[in-house]
Every structure is written in structure tokens, then in C-alpha cells.
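Coordinates from input-v1.tsv are shown below (TSV, C-alpha atoms).
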chain	number	residue	atom	x	y	z
A	424	MET	CA	-42.28	-79.44	-67.34
A	425	GLN	CA	-45.90	-80.46	-66.95
A	426	VAL	CA	-47.15	-83.77	-68.39
A	427	GLN	CA	-50.64	-85.29	-68.11
A	428	VAL	CA	-50.61	-89.03	-67.32
A	429	LYS	CA	-53.65	-91.21	-68.05
A	430	LEU	CA	-53.89	-94.74	-66.71
A	431	PHE	CA	-56.24	-97.43	-68.02
A	432	ALA	CA	-57.86	-100.64	-66.76
A	433	PHE	CA	-56.30	-102.15	-63.62
A	434	PHE	CA	-53.36	-99.73	-63.69
A	435	ARG	CA	-55.83	-97.31	-62.04
A	436	GLU	CA	-56.25	-99.54	-58.99
A	437	GLY	CA	-54.56	-97.82	-56.05
A	438	ARG	CA	-53.30	-95.03	-58.34
A	439	PHE	CA	-55.42	-92.60	-60.38
A	440	LYS	CA	-57.27	-92.20	-63.68
A	441	GLU	CA	-55.55	-89.02	-64.74
A	442	GLU	CA	-52.98	-86.82	-63.08
A	443	GLY	CA	-50.79	-83.87	-63.98
A	444	ARG	CA	-47.13	-84.50	-63.12
A	445	GLU	CA	-44.21	-82.14	-62.89
A	446	LEU	CA	-41.22	-83.82	-64.56
A	447	ALA	CA	-37.62	-82.90	-65.27
A	448	ASP	CA	-36.88	-81.97	-68.87
A	449	ASN	CA	-36.06	-84.94	-71.13
A	450	THR	CA	-37.75	-87.47	-68.86
A	451	ILE	CA	-38.46	-90.67	-70.81
A	452	VAL	CA	-41.75	-92.65	-70.73
A	453	GLY	CA	-40.13	-95.63	-69.00
A	454	GLN	CA	-39.07	-93.43	-66.06
A	455	VAL	CA	-42.70	-92.34	-65.46
A	456	ILE	CA	-43.82	-95.97	-65.54
A	457	ASP	CA	-41.08	-97.02	-63.09
A	458	ASP	CA	-41.96	-94.12	-60.75
A	459	LEU	CA	-45.60	-95.29	-60.73
A	460	GLY	CA	-44.48	-98.74	-59.58
A	461	ILE	CA	-45.78	-100.36	-62.75
A	462	ASP	CA	-43.91	-103.45	-63.88
A	463	ARG	CA	-42.78	-102.92	-67.50
A	464	GLU	CA	-43.74	-106.51	-68.31
A	465	GLU	CA	-47.37	-105.59	-67.58
A	466	VAL	CA	-47.39	-102.69	-70.05
A	467	GLY	CA	-49.16	-103.13	-73.38
A	468	VAL	CA	-49.81	-99.99	-75.42
A	469	LEU	CA	-48.15	-96.63	-74.74
A	470	MET	CA	-49.35	-93.46	-76.41
A	471	ILE	CA	-48.33	-89.80	-76.34
A	472	ASN	CA	-50.99	-87.44	-77.67
A	473	SER	CA	-52.82	-90.46	-79.20
A	474	ARG	CA	-49.71	-91.64	-81.08
A	475	HIS	CA	-47.89	-94.85	-80.20
A	476	CYS	CA	-44.61	-94.45	-78.34
A	477	GLN	CA	-41.92	-96.53	-76.59
A	478	PHE	CA	-40.35	-96.73	-73.14
A	479	ASP	CA	-37.42	-94.63	-74.38
A	480	THR	CA	-39.53	-91.89	-75.98
A	481	VAL	CA	-38.67	-88.49	-74.50
A	482	LEU	CA	-41.62	-86.54	-73.07
A	483	ARG	CA	-42.25	-82.88	-73.92
A	484	GLU	CA	-44.10	-80.06	-72.18
A	485	ASN	CA	-47.91	-80.59	-72.11
A	486	ASP	CA	-47.73	-84.12	-73.54
A	487	ILE	CA	-50.57	-86.48	-72.66
A	488	LEU	CA	-49.18	-89.92	-71.87
A	489	ALA	CA	-51.61	-92.89	-71.93
A	490	ILE	CA	-50.56	-96.22	-70.39
A	491	PHE	CA	-52.55	-99.41	-71.11
A	492	PRO	CA	-51.82	-102.77	-69.50
A	493	VAL	CA	-51.49	-106.05	-71.35
A	494	ILE	CA	-54.86	-107.80	-71.31
A	495	GLY	CA	-54.54	-111.45	-72.15
A	496	GLY	CA	-57.39	-113.59	-70.80
A	497	GLY	CA	-59.98	-115.40	-72.85
B	554	MET	CA	-82.44	-131.62	-111.49
B	555	ALA	CA	-86.09	-132.67	-111.69
B	556	GLU	CA	-85.82	-133.56	-108.04
B	557	GLU	CA	-84.34	-130.18	-107.16
B	558	SER	CA	-87.17	-128.34	-108.90
B	559	ASP	CA	-89.63	-130.62	-107.06
B	560	LEU	CA	-87.90	-129.74	-103.80
B	561	LEU	CA	-88.01	-126.05	-104.63
B	562	ARG	CA	-91.70	-126.26	-105.47
B	563	PHE	CA	-92.31	-128.04	-102.15
B	564	LEU	CA	-90.42	-125.34	-100.24
B	565	GLN	CA	-92.26	-122.56	-102.03
B	566	GLU	CA	-95.62	-124.18	-101.34
B	567	ARG	CA	-94.81	-124.71	-97.68
B	568	SER	CA	-93.37	-121.24	-97.08
B	569	ASP	CA	-95.48	-118.56	-95.50
B	570	GLY	CA	-94.58	-115.34	-97.26
B	571	ASN	CA	-90.91	-116.13	-97.75
B	572	LEU	CA	-90.57	-117.83	-94.34
B	573	LEU	CA	-90.02	-121.54	-93.96
B	574	SER	CA	-90.72	-123.31	-90.67
B	575	LEU	CA	-88.47	-125.95	-89.15
B	576	THR	CA	-91.34	-128.44	-89.44
B	577	ALA	CA	-91.54	-127.85	-93.18
B	578	GLN	CA	-87.76	-128.17	-93.48
B	579	ARG	CA	-87.88	-131.52	-91.66
B	580	GLU	CA	-90.68	-132.76	-93.88
B	581	ALA	CA	-88.74	-131.74	-96.97
B	582	ALA	CA	-85.64	-133.50	-95.70
B	583	ARG	CA	-87.63	-136.73	-95.18
B	584	GLN	CA	-89.54	-136.53	-98.44
B	585	PHE	CA	-86.54	-135.69	-100.62
B	586	ASP	CA	-84.02	-137.74	-98.65
B	587	CYS	CA	-81.61	-134.91	-98.07
B	588	SER	CA	-80.15	-133.10	-95.09
B	589	LEU	CA	-81.52	-130.02	-93.37
B	590	ARG	CA	-78.34	-128.34	-94.52
B	591	ASP	CA	-79.22	-129.06	-98.17
B	592	ILE	CA	-82.73	-127.76	-97.57
B	593	GLU	CA	-81.42	-124.52	-96.08
B	594	GLU	CA	-79.04	-123.96	-98.97
B	595	THR	CA	-81.78	-124.52	-101.54
B	596	ALA	CA	-84.18	-122.27	-99.64
B	597	LEU	CA	-81.74	-119.39	-99.19
B	598	SER	CA	-80.57	-119.68	-102.81
B	599	HIS	CA	-84.16	-119.01	-103.84
B	600	SER	CA	-84.88	-116.16	-101.41
B	601	ILE	CA	-86.76	-118.36	-98.96
B	602	LEU	CA	-85.77	-117.65	-95.36
B	603	PRO	CA	-85.79	-120.32	-92.65
B	604	GLU	CA	-87.98	-118.91	-89.89
B	605	ARG	CA	-85.16	-119.22	-87.35
B	606	TYR	CA	-83.38	-116.32	-89.10
B	607	GLN	CA	-86.41	-114.03	-89.34
B	608	ARG	CA	-85.34	-111.86	-86.41
B	609	ASN	CA	-81.78	-111.52	-87.73
B	610	GLY	CA	-83.24	-108.95	-90.07
B	611	LEU	CA	-80.90	-109.98	-92.87
B	612	LEU	CA	-81.80	-110.69	-96.49
B	613	PRO	CA	-81.79	-114.31	-97.71
B	614	ALA	CA	-78.76	-113.41	-99.88
B	615	GLN	CA	-76.95	-112.21	-96.75
B	616	GLN	CA	-77.93	-115.35	-94.84
B	617	LEU	CA	-76.53	-117.33	-97.76
B	618	LEU	CA	-73.18	-115.54	-97.32
B	619	LEU	CA	-73.23	-116.54	-93.64
B	620	PHE	CA	-74.23	-120.09	-94.61
B	621	HIS	CA	-71.19	-120.49	-96.87
B	622	ALA	CA	-68.71	-118.79	-94.51
B	623	LYS	CA	-66.01	-120.82	-92.79
B	624	VAL	CA	-64.99	-119.52	-89.38
B	625	ALA	CA	-62.26	-121.05	-87.23
B	626	ILE	CA	-62.68	-120.38	-83.52
B	627	ILE	CA	-59.37	-120.95	-81.77
B	628	GLY	CA	-60.15	-121.78	-78.16
B	629	SER	CA	-63.55	-122.96	-76.90
B	630	GLY	CA	-63.48	-121.29	-73.50
B	631	GLY	CA	-65.02	-118.01	-72.32
B	632	LEU	CA	-64.68	-116.07	-75.55
B	633	GLY	CA	-64.61	-118.95	-78.06
B	634	GLY	CA	-67.59	-120.87	-76.68
B	635	ARG	CA	-69.76	-117.76	-76.63
B	636	VAL	CA	-68.70	-116.61	-80.09
B	637	ALA	CA	-69.50	-120.12	-81.33
B	638	GLU	CA	-73.02	-119.96	-79.94
B	639	LEU	CA	-73.68	-116.52	-81.41
B	640	LEU	CA	-72.40	-117.55	-84.85
B	641	ALA	CA	-74.45	-120.76	-84.74
B	642	ARG	CA	-77.61	-118.81	-83.96
B	643	MET	CA	-76.86	-116.22	-86.66
B	644	GLY	CA	-76.49	-119.01	-89.22
B	645	VAL	CA	-72.75	-119.12	-89.95
B	646	GLY	CA	-72.65	-122.46	-91.74
B	647	ASN	CA	-69.15	-123.80	-91.12
B	648	ILE	CA	-67.61	-123.58	-87.67
B	649	PHE	CA	-64.24	-125.10	-86.87
B	650	LEU	CA	-63.51	-125.53	-83.16
B	651	THR	CA	-60.05	-126.03	-81.71
B	652	ASP	CA	-59.19	-126.48	-78.03
B	653	PRO	CA	-57.01	-128.99	-76.18
B	654	ASP	CA	-58.70	-128.66	-72.78
B	655	ILE	CA	-61.46	-130.20	-70.73
B	656	PHE	CA	-63.94	-128.18	-68.67
B	657	ASN	CA	-62.87	-127.63	-65.08
B	658	GLU	CA	-64.49	-125.89	-62.12
B	659	SER	CA	-62.75	-122.56	-62.72
B	660	ASN	CA	-64.56	-122.38	-66.08
B	661	LEU	CA	-68.03	-122.49	-64.50
B	662	ASN	CA	-68.20	-118.73	-63.89
B	663	ARG	CA	-68.12	-117.70	-67.53
B	664	GLN	CA	-67.92	-120.46	-70.13
B	665	ASN	CA	-71.25	-121.28	-71.72
B	666	PHE	CA	-71.84	-125.03	-72.05
B	667	CYS	CA	-69.63	-125.56	-68.97
B	668	THR	CA	-72.02	-127.00	-66.40
B	669	THR	CA	-71.69	-129.29	-63.41
B	670	GLU	CA	-72.60	-132.07	-65.83
B	671	THR	CA	-69.93	-131.33	-68.43
B	672	LEU	CA	-66.98	-130.95	-66.03
B	673	GLY	CA	-64.19	-133.23	-67.21
B	674	ASP	CA	-65.48	-133.37	-70.79
B	675	TYR	CA	-63.52	-132.02	-73.75
B	676	LYS	CA	-64.67	-128.47	-74.47
B	677	VAL	CA	-64.82	-128.93	-78.24
B	678	GLU	CA	-66.98	-132.05	-77.90
B	679	VAL	CA	-69.47	-130.34	-75.60
B	680	VAL	CA	-69.61	-127.13	-77.65
B	681	ALA	CA	-70.02	-129.04	-80.93
B	682	ARG	CA	-72.85	-131.14	-79.46
B	683	GLU	CA	-74.69	-128.12	-78.06
B	684	LEU	CA	-74.28	-126.07	-81.24
B	685	LYS	CA	-75.84	-128.88	-83.25
B	686	LYS	CA	-78.83	-128.80	-80.91
B	687	ILE	CA	-79.21	-125.08	-81.54
B	688	ASN	CA	-78.73	-125.26	-85.29
B	689	PRO	CA	-78.64	-128.70	-86.92
B	690	ILE	CA	-77.55	-127.39	-90.33
B	691	LEU	CA	-74.10	-126.53	-89.03
B	692	ASN	CA	-71.02	-128.13	-90.45
B	693	ILE	CA	-68.83	-128.38	-87.36
B	694	GLU	CA	-65.29	-129.68	-87.34
B	695	MET	CA	-63.39	-130.04	-84.11
B	696	THR	CA	-59.78	-130.47	-83.10
B	697	LYS	CA	-58.88	-131.66	-79.63
B	698	GLY	CA	-55.52	-130.00	-79.48
B	699	LEU	CA	-53.59	-126.86	-80.29
B	700	PHE	CA	-54.25	-124.99	-83.50
B	701	SER	CA	-52.14	-125.69	-86.55
B	702	GLU	CA	-51.51	-124.18	-89.97
B	703	THR	CA	-54.47	-126.17	-91.26
B	704	SER	CA	-56.77	-124.61	-88.64
B	705	VAL	CA	-55.99	-121.23	-90.20
B	706	SER	CA	-55.74	-122.11	-93.90
B	707	ALA	CA	-59.04	-124.06	-93.93
B	708	ALA	CA	-61.12	-121.06	-92.80
B	709	ASP	CA	-62.04	-117.63	-94.19
B	710	LEU	CA	-61.86	-115.89	-90.82
B	711	ILE	CA	-60.15	-116.69	-87.54
B	712	VAL	CA	-61.52	-115.85	-84.08
B	713	ASP	CA	-59.01	-115.46	-81.26
B	714	GLY	CA	-60.36	-117.19	-78.15
B	715	LEU	CA	-56.92	-117.87	-76.70
B	716	ASP	CA	-55.56	-116.94	-73.28
B	717	SER	CA	-51.80	-117.00	-73.82
B	718	ILE	CA	-49.65	-114.25	-75.33
B	719	GLU	CA	-47.26	-116.71	-76.96
B	720	ASP	CA	-50.12	-118.59	-78.64
B	721	ARG	CA	-51.65	-115.32	-79.83
B	722	ARG	CA	-48.38	-114.22	-81.44
B	723	HIS	CA	-48.12	-117.59	-83.19
B	724	LEU	CA	-51.74	-117.46	-84.38
B	725	SER	CA	-51.23	-113.92	-85.65
B	726	GLN	CA	-48.19	-115.04	-87.68
B	727	LEU	CA	-50.21	-117.86	-89.27
B	728	CYS	CA	-53.06	-115.48	-90.10
B	729	MET	CA	-50.55	-113.12	-91.78
B	730	LYS	CA	-49.04	-116.03	-93.71
B	731	TYR	CA	-52.42	-117.16	-95.07
B	732	CYS	CA	-53.91	-113.63	-95.35
B	733	ARG	CA	-56.78	-114.40	-93.00
B	734	PRO	CA	-58.38	-111.68	-90.85
B	735	LEU	CA	-57.92	-112.36	-87.13
B	736	ILE	CA	-60.74	-111.18	-84.90
B	737	HIS	CA	-58.96	-110.57	-81.61
B	738	ALA	CA	-60.36	-110.05	-78.15
B	739	ALA	CA	-58.92	-110.44	-74.66
B	740	VAL	CA	-60.24	-109.83	-71.17
B	741	ASN	CA	-59.03	-109.23	-67.63
B	742	LYS	CA	-61.36	-108.44	-64.75
B	743	TRP	CA	-63.64	-105.54	-65.85
B	744	TYR	CA	-61.48	-104.74	-68.85
B	745	GLY	CA	-61.19	-105.96	-72.40
B	746	GLN	CA	-60.03	-105.15	-75.87
B	747	VAL	CA	-61.21	-106.10	-79.33
B	748	GLY	CA	-59.89	-105.46	-82.83
B	749	VAL	CA	-59.53	-106.98	-86.27
B	750	GLU	CA	-56.02	-107.75	-87.44
B	751	GLN	CA	-55.64	-107.73	-91.17
B	752	LEU	CA	-52.51	-107.83	-93.27
B	753	LYS	CA	-50.10	-105.07	-92.19
B	754	SER	CA	-52.22	-103.80	-89.29
B	755	ASN	CA	-49.92	-105.57	-86.80
B	756	LEU	CA	-52.53	-105.36	-84.07
B	757	ILE	CA	-51.24	-108.27	-82.00
B	758	ALA	CA	-47.65	-106.97	-82.07
B	759	GLN	CA	-48.92	-103.59	-80.85
B	760	LEU	CA	-51.10	-104.95	-78.05
B	761	PHE	CA	-48.51	-107.49	-76.93
B	762	PRO	CA	-45.05	-105.87	-77.21
B	763	LEU	CA	-42.06	-108.14	-76.83
B	764	GLN	CA	-41.45	-107.44	-73.14
B	765	ALA	CA	-45.12	-108.07	-72.26
B	766	GLN	CA	-46.09	-110.83	-69.87
B	767	ALA	CA	-49.74	-111.33	-68.92
B	768	LEU	CA	-50.71	-111.89	-65.31
B	769	SER	CA	-51.25	-115.57	-64.96
B	770	PRO	CA	-53.87	-116.92	-64.57
B	771	PRO	CA	-56.03	-113.98	-65.67
B	772	GLN	CA	-59.09	-113.01	-63.67
B	773	VAL	CA	-62.11	-113.01	-65.92
B	774	LEU	CA	-65.51	-111.58	-65.03
B	775	PRO	CA	-68.43	-113.13	-66.96
B	776	PRO	CA	-70.01	-109.86	-68.21
B	777	THR	CA	-66.67	-108.75	-69.64
B	778	VAL	CA	-66.30	-112.02	-71.54
B	779	ALA	CA	-69.87	-111.90	-72.82
B	780	LEU	CA	-69.49	-108.32	-74.07
B	781	LEU	CA	-66.19	-108.91	-75.84
B	782	ALA	CA	-67.37	-112.21	-77.37
B	783	ALA	CA	-70.48	-110.45	-78.69
B	784	MET	CA	-68.28	-107.80	-80.27
B	785	GLN	CA	-66.14	-110.49	-81.90
B	786	ALA	CA	-69.25	-112.20	-83.30
B	787	ALA	CA	-70.49	-108.86	-84.68
B	788	GLU	CA	-67.12	-108.28	-86.39
B	789	VAL	CA	-67.23	-111.76	-87.91
B	790	CYS	CA	-70.71	-111.07	-89.24
B	791	LYS	CA	-69.68	-107.70	-90.70
B	792	LEU	CA	-66.60	-109.13	-92.40
B	793	ILE	CA	-68.67	-111.91	-93.98
B	794	LEU	CA	-71.30	-109.44	-95.17
B	795	GLY	CA	-68.69	-106.99	-96.48
B	796	GLN	CA	-69.72	-104.22	-94.08
B	797	ASN	CA	-67.06	-101.70	-93.11
B	798	SER	CA	-65.98	-101.66	-89.49
B	799	PRO	CA	-64.00	-99.07	-87.53
B	800	LEU	CA	-62.28	-102.02	-85.84
B	801	THR	CA	-60.22	-102.72	-88.96
B	802	ALA	CA	-58.47	-99.36	-88.45
B	803	ALA	CA	-58.56	-99.10	-84.66
B	804	TRP	CA	-58.94	-101.28	-81.58
B	805	LEU	CA	-61.47	-100.76	-78.84
B	806	HIS	CA	-60.50	-100.64	-75.18
B	807	CYS	CA	-63.46	-101.49	-72.94
B	808	ASP	CA	-63.75	-100.66	-69.24
B	809	LEU	CA	-66.99	-102.04	-67.80
B	810	LEU	CA	-66.21	-100.72	-64.32
B	811	ASN	CA	-66.15	-97.06	-65.37
B	812	CYS	CA	-68.27	-97.52	-68.53
B	813	GLU	CA	-65.45	-96.11	-70.67
B	814	TYR	CA	-64.92	-97.21	-74.26
B	815	HIS	CA	-61.98	-95.85	-76.24
B	816	LEU	CA	-61.40	-96.42	-79.96
B	817	LEU	CA	-57.63	-96.22	-80.48
B	818	PRO	CA	-55.91	-96.01	-83.85
B	819	TYR	CA	-53.39	-98.62	-84.97
B	820	LYS	CA	-49.79	-97.52	-85.20

Structure encoded using C-alpha cells:
Amino acid sequence: MQVQVKLFAFFREGRFKEEGRELADNTIVGQVIDDLGIDREEVGVLMINSRHCQFDTVLRENDILAIFPVIGGG
Amino acid sequence: MAEESDLLRFLQERSDGNLLSLTAQREAARQFDCSLRDIEETALSHSILPERYQRNGLLPAQQLLLFHAKVAIIGSGGLGGRVAELLARMGVGNIFLTDPDIFNESNLNRQNFCTTETLGDYKVEVVARELKKINPILNIEMTKGLFSETSVSAADLIVDGLDSIEDRRHLSQLCMKYCRPLIHAAVNKWYGQVGVEQLKSNLIAQLFPLQAQALSPPQVLPPTVALLAAMQAAEVCKLILGQNSPLTAAWLHCDLLNCEYHLLPYK
């Protein structure tokens, strides 16, 4: 299935802003994050089609997954 | 009472249109043996505007709301110090500063009031001193230490100028307990986020899920801090004035590198 992945802030560094990815059916969000080499501890907000989701949320055909890092400085 | 009506008459006579100069305020303070703070309250209560607020473009009644507001700024570093200056210039009358730290060299890139001369000084002491120079009517209280329940309960609004996830979660819990809005912002490199946590919005829990660990120490570019602090100050002002803000229903992700700004709904 095809899923659109959008990265934000420093997650884009050395990766991409937005990319279509071909995934096996029933792939979960956490698997995409692991495949991108993103440490789960650095992940803040996760959204599918502008709705909040979790690492174990199952992706569906044509979903748009947005991954934001934790931003914590002041 | 007779004295107050004398003071009012003096202020009315010395105002130009409805504007009152600092010189006239100082004269009134001397003549009537009261503080500049008293003078400002009397003036604003009678639709006379201290000239320093002319360019704010607010009504005297709105300036009076700012004058009476109590804002706790938790952290006096990059975000907190800048928010403090903006609120002082706008005329927010009661500012409570809390920070345990002293200025060090790594603060010089972004923290206003951190200069080569204030290195080694307590941040809250320096910020309080400089704010008073900007606006002498301010009631400033400072705590050299971590925030406490009292820091939250004593104020109407709380500004998050922290840099630790654990501290933010704790502050958020206290704000929930005392039903105080928390004006959150955080920065890293070119990126930042800002939002207003009110009862049930759970903003902090959404932005900082349980597994989350921030990169330590964060890298913080000065323009990012200045932008996010300005947004926090604007939200404080709007909350005090009772203006609606999209940031009570959504948080804003800011990317200064790509000039992208995304308003994202709360869960």
C-alpha cells in the first residue's frame, strides 16, 4: 500500500520533507519511524490525516503520516 | 478622598488630550507623596493614558486590565527573559519571576539582559532590575529557585520558559490543579512550538508523550527564541484582554528555516 510520510523540524535533516512510501499491509506507525532511523524517544506528536495517533496505530492505504520531534529548549 | 480628587485634577490638568507624560507622573508622585504605580492606576481608572502606552493602541480600560494582571514567568532565560521585557513594556503590572540559575557564557547568544557584565549574576535579579528601569510601575516578585505551588496559585496566567520536559510536566500539573492557563513555548535550532494549555486541553501531555526525551542540551538560535517569546507575550496579552485565540484550540509549529507555520489541532 502507498502511504505519504511528512517529516517536520530537524527530522528532515539528512532525510526528506515528504515522501511516498510503499509499505506492507498492516504496517504500524512505529515500524515506519524505526525504518527511518528515528529514535522513538525523540518523537513528539504523531498524526495520521491530521488526527493524533500512536506508535502502534495501523496505517491504511493513502494515509498521510506526520512525524514531529520533541522540542524542549527555552 | 479630597486628596485623590486633587490628584485627579492635577493629572487631568497636566494631560495633553488624554496622554500623560512621565515628567507629569513624576511631579504628581512628588507632590502627592505616592508611587508612580499609584499615579498610573488613578490615571488609567479615569481614562488618562500614560504616554508610554500610546503606541500600544489599547484603550485606557484595556491598559487597566493589563495593569491589574498577575503573570508568573517560570524561567528567566531565552524565552522567559524576553517575555518579561515585552510584558513590562506593554504594561502588565504584576510580574513574578522564577529561576534558580545564574547567567553563563552559553546564555549570551540569546538571553536578553545576559551581557558580559551580568555573567555570574542571578538571572531573576538582573531581569527584575532591568525591567524596573524600563517600567518603574511594575510590581515584580522574584524567586531564586525552582517554581512551587505558590508560583502558580499566586498568578492569573503562567508562562512556560522552562527547558526540561520533566519540569514542564510538573508545571502543567500545577496549572491544571489551580485552573491557570499555561502559555507554552519551546525551541530547538530553527524550530519552535507555541500553544495555550487550558483545563482539559492536555497540550503538554500531547507534545511530550511519556517516552519522549529531549536532546540535551538543546541548541537554540536567537531568532527562534525571539519569535516564540513574542508569540507567548501576545497570547498573554490576548488572554488578559479576553480576546479569542486560535492557540487555545490548536498549537503552532514554527519552522524558521523553511518559513513553514502549521496550526495543529489538539487531540

For this session: Name all residues at most 8 Å from Ser574 in chain B (count all atoms listed in the file; drop same-chain ones fewer than 6 positions away) and give them as a VMD selection string.
Result: chain B and resid 568 603 to 605

Exercise. What residues in chain B have any atom no more than 6 Å from chain A when counting only C-alpha atoms, and can you write them as an NGL selection string?
Worked result: :B and (631-632 or 714-716 or 739-741 or 744 or 760-761 or 764-767 or 771 or 820)

Problem set entry | Separation of CA of Leu691 in chain B from CA of Leu792 in chain B in Å |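 So the answer is 19.2 Å.
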
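CA of Ser588 in chain B is found 14.1 Å from CA of Glu556 in chain B.
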
Problem set entry | Close residues, Ile757 in chain B itself excluded, 12 Å, all atoms listed in the file, min 6 positions apart in chain, as a PyMOL selection string | (chain A and resi 467-468+493-495) or (chain B and resi 713+717-726+728-729+734-739+746-751+763+765+804+819-820)

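Between CA of Ala577 in chain B and CA of Ile601 in chain B lies a distance of 12.1 Å.
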
Problem set entry | Proximity to Cys807 in chain B - best of B:Lys742, B:Lys791, B:Lys686, B:Arg579, all atoms listed in the file | B:Lys742

Around range 783-801 of chain B, fit a box with edges along x, y and z, padding it by 5 Å on each side, then list its centre and edge lengths in Å to one decimal as JSON.
{"center_x": -65.8, "center_y": -105.6, "center_z": -87.6, "size_x": 21.1, "size_y": 23.1, "size_z": 27.8}

Exercise. If we count all atoms listed in the file, what is near Ala582 in chain B at a cut-off of 10 Å, once residues fewer than 5 positions away on the same chain are taken out, given as a PyMOL selection string?
Worked result: chain B and resi 560+576-577+587-593

Exercise. Which residues, protein or nucleic acid, reach to within 10 Å of (-72.1, -118.3, -92.4) in the file's coordinates when using only C-alpha atoms, and can you give that as an NGL selection string?
Worked result: :B and (615-624 or 640-641 or 643-648 or 691 or 789-790 or 793-794)

Please produce a file of the residues just selected, as a JSON list (two decimals), in the frame of the given file, where the atoms kept are C-alpha atoms.
[["chain", "number", "residue", "atom", "x", "y", "z"],
["B", 615, "GLN", "CA", -76.95, -112.21, -96.75],
["B", 616, "GLN", "CA", -77.93, -115.35, -94.84],
["B", 617, "LEU", "CA", -76.53, -117.33, -97.76],
["B", 618, "LEU", "CA", -73.18, -115.54, -97.32],
["B", 619, "LEU", "CA", -73.23, -116.54, -93.64],
["B", 620, "PHE", "CA", -74.23, -120.09, -94.61],
["B", 621, "HIS", "CA", -71.19, -120.49, -96.87],
["B", 622, "ALA", "CA", -68.71, -118.79, -94.51],
["B", 623, "LYS", "CA", -66.01, -120.82, -92.79],
["B", 624, "VAL", "CA", -64.99, -119.52, -89.38],
["B", 640, "LEU", "CA", -72.40, -117.55, -84.85],
["B", 641, "ALA", "CA", -74.45, -120.76, -84.74],
["B", 643, "MET", "CA", -76.86, -116.22, -86.66],
["B", 644, "GLY", "CA", -76.49, -119.01, -89.22],
["B", 645, "VAL", "CA", -72.75, -119.12, -89.95],
["B", 646, "GLY", "CA", -72.65, -122.46, -91.74],
["B", 647, "ASN", "CA", -69.15, -123.80, -91.12],
["B", 648, "ILE", "CA", -67.61, -123.58, -87.67],
["B", 691, "LEU", "CA", -74.10, -126.53, -89.03],
["B", 789, "VAL", "CA", -67.23, -111.76, -87.91],
["B", 790, "CYS", "CA", -70.71, -111.07, -89.24],
["B", 793, "ILE", "CA", -68.67, -111.91, -93.98],
["B", 794, "LEU", "CA", -71.30, -109.44, -95.17]]

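Closest approach to Glu445 in chain A among A:Val481, A:Ile471, A:Ile490, A:Val428: A:Val428, based on all atoms listed in the file.
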
Problem set entry | Residues near Val636 in chain B, cut-off 9 Å, only C-alpha atoms, skip fewer than 5 positions along chain, as number ranges by chain | B: 626, 629, 631, 641, 712, 714, 779, 782-786

Exercise. What's the 12 Å shell around range 483-485 of chain A, counting only C-alpha atoms, without same-chain residues fewer than 4 positions away, as a list in words?
Worked result: Met424, Gln425, Val426, Gln427, Val428, Gly443, Arg444, Glu445, Leu446, Ala447, Asp448, Asn449, Thr450, Ile451, Val452, Ile471 and Asn472 of chain A

Take the selection from the previous step and output its residues with C-alpha atoms, as a CSV table (one decimal), in the coordinates of the input.
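Saved result, result24.csv, follows:
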chain,number,residue,atom,x,y,z
A,424,MET,CA,-42.3,-79.4,-67.3
A,425,GLN,CA,-45.9,-80.5,-67.0
A,426,VAL,CA,-47.2,-83.8,-68.4
A,427,GLN,CA,-50.6,-85.3,-68.1
A,428,VAL,CA,-50.6,-89.0,-67.3
A,443,GLY,CA,-50.8,-83.9,-64.0
A,444,ARG,CA,-47.1,-84.5,-63.1
A,445,GLU,CA,-44.2,-82.1,-62.9
A,446,LEU,CA,-41.2,-83.8,-64.6
A,447,ALA,CA,-37.6,-82.9,-65.3
A,448,ASP,CA,-36.9,-82.0,-68.9
A,449,ASN,CA,-36.1,-84.9,-71.1
A,450,THR,CA,-37.8,-87.5,-68.9
A,451,ILE,CA,-38.5,-90.7,-70.8
A,452,VAL,CA,-41.8,-92.6,-70.7
A,471,ILE,CA,-48.3,-89.8,-76.3
A,472,ASN,CA,-51.0,-87.4,-77.7
